[in-house]
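First up is the structure itself, then whatever we jot down about it.
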Amino acid sequence: MSLPPAASAADDIRAGRTSLGIELGSTRIKACLIGSEPTEVLATGSFAWENRLEDGLWTYAIDEVWTGLQSAYADLVADAEQQHGIRPESFGAIGISAMMHGYLAFDASGELLVPFRTWRNTNTGVAATELTELLGVNIPLRWSIAHLHQAAVDAEAHVPQIASVNTLAGYVHEKLTGERVLGVGDASGMFPIDSATGDYDDRMLRAYDAHAGDRLPASLADILPAVLPAGAAAGALTSEGAALLDASGALQPGIPLCPPEGDAGTGMVATNSVAPRTGNVSAGTSIFAMVVLERPLAEVHHELDLVTTPAGDAVAMVHCNNGASELAAWAGLFTRFTAAAGRPLDDDSVFDVLFREALEGEADAGGLLAYNHLAGEPIAGLDAGRPLFVRTPDSAFTLANFVRAQLYGVFGTLALGMQVLTAEGVELDRMFAHGGMFRTAGVAQRFLAGALAAPVAVGELASEGGAWGIAVLASYLAHVDDLSLSAYLDERVFATASVSLVEPDPADVAGFASYLDRYRAGLAVEAAAVASL
């Protein structure tokens with residue numbers, strides 16, 4: 001006779017048969033605890049934070065990293081106690097994930113040399129262009145090597161003191177374990193990876209060192225963290241690390257950690273998109289698509305990054321700096337309207353009403369256009385952003401078309417990049433979507449299927465997103481000797497998962513194609529706004 005779920009969960013927590021995942025996202029730090037069955041979410045916690053623009057660069061205060069982690073962890077512990085009557089003091093494994101790319105530079109004593117520069121910064125154009133030509137692969141503006149080389153090109157005062165550079169996930173992991181390592185997926189957003197070796201591309205490392213000369217105080221290989229695949233031992237929680245995570249002092253040291261990963265990799269895990277011909281779209285503050293490749297691409301494309309899965313397999317990534325933030329801002333305006341009218345609705349209800357109204361809109365959004373560019377957008381050729389809503393006098397200005405145009409606008413730049421993959425002959429069996437905008441069933445999912453002209457799946461297990469994905473990668477530590485990551489996800493995690501699949505509607509495909517033609521033409525208006533405002 002099996003134990004009831006509550007008793008089973010309490011036993012898992014008490015015995016440490018759990019995995020804790022923590023992801024530092026762009027708007028929330030989320031913690032997720034899973035049990036011996038990885039599909040079982042036992043407790044969650046979160047902390048809200050926001051990036052800010054300081055001296056022209058997007059950043060987060062490094063102190064807030066730790067106050068946020070402690071708050072999210074404390075929230076999870078309280079949730080576990082409320083749901084299961086027990087406060088966890090140990091776990092079977094822990095995983096740390098965070099926003100990819102960016103720039104955290106440290107001196108030999110581990111002191112941060114300049115404020116954290118996030119993926120959102122677009123001040124690295126000279127370095128990205130120079131490195132793309134040097135290495136023969138696309139080096140995007142947000143990659144860590146672009147930030148490092150730009151600092152060297154600009155002869156910034158801190159450069160001679162650099163001993164190491166890391167991502168946010170790698171930094172947190174190092175503080176918790178003392179190990180300066182990085183999962184291969186996150187590392188692939190720092191510097192190109194050779195999928196044959198699962199490490200930084202040696203030829204490109206040597207080419208960079210020769211090119212940089214004496215502008216850096218050490219070789220690039222010494223500056224970057226070591227690379228590990230999913231399932232590799234990546235250190236254990238130290239006493240100092242436990243104190244950083246748990247302000248109460250109850251958390252026990254010695255817990256193994258999996259390699260720290262980026263949010264793109266954990267999104268792939270959370271959507272079971274680590275095998276060739278699969279892919280996923282993650283929509284949040286940014287929006288990006290990851291497509292696992294069957295073969296190398298024929299050409300270099302500025303719209304595409306070449307990264308890897310957490311297991312090291314090659315992936316084409318279409319990354320857009322601007323996602324659903326502008327859509328959320330408009331929804332906030334409508335939320336305030338309901339309150340001012342004396343009939344307040346909460347945020348989720350407003351989103352639900354607006355999204356369902358969008359279904360009544362015309363397939364091409366009635367001639368309306370929405371640009372979600374709060375920040376620069378390299379794929380669209382923009383080094384800064386100005387959110388715009390544009391219509392002509394004869395366009396059909398209805399609420400349904402307005403909301404549909406805003407939803408299409410979230411997918412606009414992404415679709416431009418995906419068309420490049422289509423032209424390369426890349427084929428997809430399925431795209432898996434996750435993110436808050438997909439919570440209203442059958443709306444954003446349907447429009448994305450029309451935008452990509454491909455089936456789009458949404459599943460119940462992706463609801464906790466990257467925090468759940470890194471918890472699953474932590475749980476994989478106990479199974480790496482028996483199963484590949486892809487097999488583990490297929491056989492142990494997603495075997496019984498409920499998935500909703502939407503095929504593209506021909507009318508939506510044609511309507512979005514018409515919208516995208518206007519969107520591409522209207523980028524001149526967006527560029528003019530950037531230049532003028």
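Each chain in the structure tokens gets a letter, A, B, ..., in the order shown, and its residues are numbered from 1; ligands are numbered from 1 in order too.
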Skip Val307 (chain A) itself and residues of its chain fewer than 4 positions away, then list as a PyMOL selection string all residues within 8 Å of it, counting only C-alpha atoms.
chain A and resi 185+188-189+192-193+314-317
Quick one: everything within 9 Å of region 37-42 of chain A, counting only C-alpha atoms, minus sequence neighbours fewer than 2 positions away in the same chain. Send it as number ranges by chain.
A: 9-10, 13, 18-19, 32-35, 44, 79-80, 83-84, 461, 464, 468, 471-472, 475, 492-494, 497
Counting only C-alpha atoms, which of A:Ala98, A:Leu134, A:Ala61, A:Ala218 gets nearest to Glu261 (chain A)?
A:Ala98
What's the 10 Å shell around Val126 (chain A), counting only C-alpha atoms, without same-chain residues fewer than 3 positions away, as a list in words?
Asn123, Thr129, Glu130, Leu131, Leu141, Ala146, His149, Gln150, Val153 and Asp154 of chain A
Produce a file of the selected residues containing C-alpha atoms, as a PDB file, in the first residue's frame.
```pdb
ATOM      1  CA  ASN A 123      27.628  48.618 -25.524  1.00  0.00           C
ATOM      2  CA  THR A 129      32.066  42.640 -34.603  1.00  0.00           C
ATOM      3  CA  GLU A 130      35.814  42.219 -34.146  1.00  0.00           C
ATOM      4  CA  LEU A 131      35.455  38.784 -32.520  1.00  0.00           C
ATOM      5  CA  LEU A 141      26.661  41.618 -27.989  1.00  0.00           C
ATOM      6  CA  ALA A 146      32.209  40.437 -25.914  1.00  0.00           C
ATOM      7  CA  HIS A 149      37.012  42.201 -24.926  1.00  0.00           C
ATOM      8  CA  GLN A 150      35.129  45.507 -25.028  1.00  0.00           C
ATOM      9  CA  VAL A 153      39.479  47.539 -26.176  1.00  0.00           C
ATOM     10  CA  ASP A 154      38.368  50.509 -24.084  1.00  0.00           C
TER      11      ASP A 154
END
```
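The shortest atom-to-atom distance to Ser8 (chain A), with only C-alpha atoms taken into account, belongs to A:Ser36 out of A:Ser36, A:Thr309, A:Thr59, A:Thr27.
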Could you name the residues that touch region 222-231 of chain A at 7 Å or less, counting only C-alpha atoms, but leaving out those on the same chain fewer than 6 positions away, as an mmCIF file with C-alpha atoms, in the first residue's frame?
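Dumped to out_4.cif:
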```cif
data_model
loop_
_atom_site.group_PDB
_atom_site.id
_atom_site.type_symbol
_atom_site.label_atom_id
_atom_site.label_comp_id
_atom_site.auth_asym_id
_atom_site.auth_seq_id
_atom_site.Cartn_x
_atom_site.Cartn_y
_atom_site.Cartn_z
ATOM 1 C CA ALA A 163 41.860 37.201 -12.447
ATOM 2 C CA SER A 164 38.546 35.600 -13.410
ATOM 3 C CA VAL A 165 35.290 36.265 -15.220
ATOM 4 C CA ASN A 166 32.041 34.435 -14.557
ATOM 5 C CA ARG A 180 34.888 27.864 -10.172
ATOM 6 C CA VAL A 181 33.032 25.686 -12.673
ATOM 7 C CA LEU A 182 30.188 26.188 -15.122
ATOM 8 C CA GLY A 183 27.716 23.951 -16.924
ATOM 9 C CA VAL A 184 28.499 23.643 -20.610
ATOM 10 C CA ALA A 187 29.640 28.342 -20.663
ATOM 11 C CA ASP A 199 34.989 22.353 -23.710
ATOM 12 C CA CYS A 258 25.234 19.953 -10.073
ATOM 13 C CA PRO A 259 27.023 22.187 -12.598
ATOM 14 C CA PRO A 310 23.384 21.121 -20.782
ATOM 15 C CA ALA A 311 24.780 17.872 -22.210
ATOM 16 C CA GLY A 312 26.916 19.718 -24.763
ATOM 17 C CA LEU A 473 19.421 18.687 -13.382
ATOM 18 C CA TYR A 476 20.136 13.842 -12.535
ATOM 19 C CA LEU A 477 23.356 13.591 -10.487
ATOM 20 C CA VAL A 480 24.099 9.979 -14.781
#
```
Give me the residues near Ser144 (chain A) as a ChimeraX atom specification, where near means some atom within 7 Å (using only C-alpha atoms) and where sequence neighbours in that chain fewer than 2 positions away do not count.
/A:101-103,142,146-148,189-190
Running DSSP on the backbone, which parts of region 251-451 of chain A land in strand (DSSP E), as a CSV table (one decimal) with C-alpha atoms, in the first residue's frame?
```csv
chain,number,residue,atom,x,y,z
A,261,GLU,CA,23.5,26.4,-15.7
A,262,GLY,CA,22.0,29.3,-17.6
A,278,THR,CA,13.2,19.7,-30.9
A,279,GLY,CA,13.2,23.2,-29.6
A,280,ASN,CA,11.7,25.6,-27.1
A,281,VAL,CA,10.6,29.2,-26.8
A,282,SER,CA,11.0,30.9,-23.4
A,283,ALA,CA,9.1,34.2,-23.0
A,287,ILE,CA,12.2,36.0,-25.5
A,288,PHE,CA,14.4,33.3,-27.1
A,289,ALA,CA,14.1,30.1,-29.1
A,290,MET,CA,16.5,27.2,-28.8
A,291,VAL,CA,16.6,24.6,-31.6
A,292,VAL,CA,18.8,21.5,-31.2
A,305,ASP,CA,23.9,32.2,-31.6
A,306,LEU,CA,25.5,28.7,-31.5
A,307,VAL,CA,25.3,27.4,-27.9
A,308,THR,CA,24.7,24.0,-26.4
A,314,ALA,CA,24.9,22.0,-30.5
A,315,VAL,CA,22.0,24.4,-30.4
A,316,ALA,CA,21.0,27.4,-32.6
A,317,MET,CA,19.6,30.2,-30.4
A,318,VAL,CA,17.5,33.1,-31.5
A,319,HIS,CA,17.7,35.6,-28.6
A,320,CYS,CA,15.7,38.8,-28.4
A,369,LEU,CA,1.7,47.3,-35.3
A,370,ALA,CA,3.3,47.0,-31.9
A,371,TYR,CA,7.0,47.2,-31.1
A,388,LEU,CA,5.8,52.0,-30.1
A,389,PHE,CA,2.2,51.3,-31.1
A,390,VAL,CA,1.5,52.3,-34.7
A,430,ARG,CA,7.8,20.4,-32.2
A,431,MET,CA,8.5,23.6,-30.4
A,432,PHE,CA,7.7,23.7,-26.7
A,433,ALA,CA,6.7,27.0,-25.2
A,434,HIS,CA,6.9,28.2,-21.6
```
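Closest approach to Asp347 (chain A) among A:Asp517, A:Asn272, A:Asp490, A:Ala331: A:Ala331, based on only C-alpha atoms.
Taking only region 364-414 of chain A, the residues that DSSP calls helix (DSSP H, G or I) from the backbone come to Ala365, Gly366, Gly367, Pro378, Ile379, Ala380, Leu399, Ala400, Asn401, Phe402, Val403, Arg404, Ala405, Gln406, Leu407, Tyr408, Gly409, Val410, Phe411, Gly412, Thr413 and Leu414 of chain A.
Atom to atom, CA of Ser514 (chain A) and CA of Met418 (chain A) stand 16.0 Å apart.
For the choices A:Arg336, A:Arg52, A:Arg87, A:Lys30, the atom-to-atom distance to Ala15 (chain A) is smallest for A:Arg87 when using only C-alpha atoms.
Of note, CA of Ala454 (chain A) and CA of Gly417 (chain A) are spaced 14.6 Å apart.
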Spatial neighbours of region 175-178 of chain A, 6 Å, only C-alpha atoms, chain gap at least 5 places, as a VMD selection string
chain A and resid 235 to 238 241
Could you list, as a PDB file with C-alpha atoms, in the first residue's frame, every residue within 10 Å of region 352-368 of chain A, counting only C-alpha atoms and ignoring same-chain residues fewer than 3 positions away?
```pdb
ATOM      1  CA  ALA A 331      -2.033  44.978 -19.088  1.00  0.00           C
ATOM      2  CA  PHE A 334      -6.010  48.044 -18.039  1.00  0.00           C
ATOM      3  CA  LEU A 345      -9.689  42.820 -11.472  1.00  0.00           C
ATOM      4  CA  ASP A 347      -3.521  41.028 -12.883  1.00  0.00           C
ATOM      5  CA  ASP A 348      -4.174  37.410 -13.894  1.00  0.00           C
ATOM      6  CA  SER A 349      -7.846  38.135 -14.596  1.00  0.00           C
ATOM      7  CA  PHE A 389       2.194  51.323 -31.093  1.00  0.00           C
ATOM      8  CA  VAL A 390       1.526  52.350 -34.706  1.00  0.00           C
ATOM      9  CA  ARG A 391      -1.592  52.395 -36.841  1.00  0.00           C
ATOM     10  CA  THR A 392      -2.727  53.936 -40.095  1.00  0.00           C
ATOM     11  CA  PRO A 393      -5.962  55.921 -40.403  1.00  0.00           C
ATOM     12  CA  ASP A 394      -7.676  53.035 -42.190  1.00  0.00           C
ATOM     13  CA  SER A 395      -6.524  50.221 -39.867  1.00  0.00           C
ATOM     14  CA  ALA A 396      -9.143  48.446 -37.757  1.00  0.00           C
ATOM     15  CA  PHE A 397      -8.524  49.907 -34.299  1.00  0.00           C
ATOM     16  CA  THR A 398     -10.410  47.523 -32.023  1.00  0.00           C
ATOM     17  CA  LEU A 399      -9.494  46.127 -28.631  1.00  0.00           C
ATOM     18  CA  ALA A 400      -9.227  42.618 -30.099  1.00  0.00           C
ATOM     19  CA  ASN A 401      -6.847  43.762 -32.831  1.00  0.00           C
ATOM     20  CA  PHE A 402      -4.875  45.899 -30.379  1.00  0.00           C
ATOM     21  CA  VAL A 403      -4.209  42.984 -28.020  1.00  0.00           C
ATOM     22  CA  ARG A 404      -3.490  40.647 -30.907  1.00  0.00           C
ATOM     23  CA  ALA A 405      -0.965  43.151 -32.271  1.00  0.00           C
ATOM     24  CA  GLN A 406       0.722  43.334 -28.849  1.00  0.00           C
ATOM     25  CA  LEU A 407       0.953  39.541 -28.685  1.00  0.00           C
ATOM     26  CA  TYR A 408       2.278  39.393 -32.237  1.00  0.00           C
ATOM     27  CA  MET A 437       2.091  34.488 -21.154  1.00  0.00           C
ATOM     28  CA  PHE A 438       1.196  30.891 -22.031  1.00  0.00           C
ATOM     29  CA  ARG A 439      -0.896  30.372 -18.891  1.00  0.00           C
ATOM     30  CA  THR A 440      -4.110  31.421 -20.654  1.00  0.00           C
ATOM     31  CA  ALA A 441      -4.827  28.250 -22.584  1.00  0.00           C
ATOM     32  CA  GLY A 442      -4.933  28.347 -26.365  1.00  0.00           C
ATOM     33  CA  VAL A 443      -4.078  32.010 -27.031  1.00  0.00           C
ATOM     34  CA  ALA A 444      -0.357  32.880 -27.036  1.00  0.00           C
ATOM     35  CA  ARG A 446      -1.918  29.409 -30.936  1.00  0.00           C
ATOM     36  CA  PHE A 447      -0.421  32.700 -32.106  1.00  0.00           C
ATOM     37  CA  GLY A 450       1.051  30.693 -36.483  1.00  0.00           C
ATOM     38  CA  PRO A 506      -3.408  28.311 -41.908  1.00  0.00           C
ATOM     39  CA  ALA A 507      -5.301  31.603 -41.390  1.00  0.00           C
ATOM     40  CA  ASP A 508      -3.011  32.510 -38.472  1.00  0.00           C
ATOM     41  CA  VAL A 509       0.079  31.624 -40.512  1.00  0.00           C
ATOM     42  CA  ALA A 510      -1.028  33.877 -43.376  1.00  0.00           C
ATOM     43  CA  GLY A 511      -2.163  36.643 -41.022  1.00  0.00           C
ATOM     44  CA  PHE A 512       1.088  36.688 -39.061  1.00  0.00           C
ATOM     45  CA  ALA A 513       3.109  36.653 -42.304  1.00  0.00           C
ATOM     46  CA  SER A 514       1.245  39.804 -43.368  1.00  0.00           C
ATOM     47  CA  TYR A 515       1.848  41.350 -39.939  1.00  0.00           C
ATOM     48  CA  LEU A 516       5.560  40.491 -40.113  1.00  0.00           C
ATOM     49  CA  ARG A 518       4.530  45.383 -42.000  1.00  0.00           C
ATOM     50  CA  TYR A 519       6.668  44.845 -38.896  1.00  0.00           C
TER      51      TYR A 519
END
```
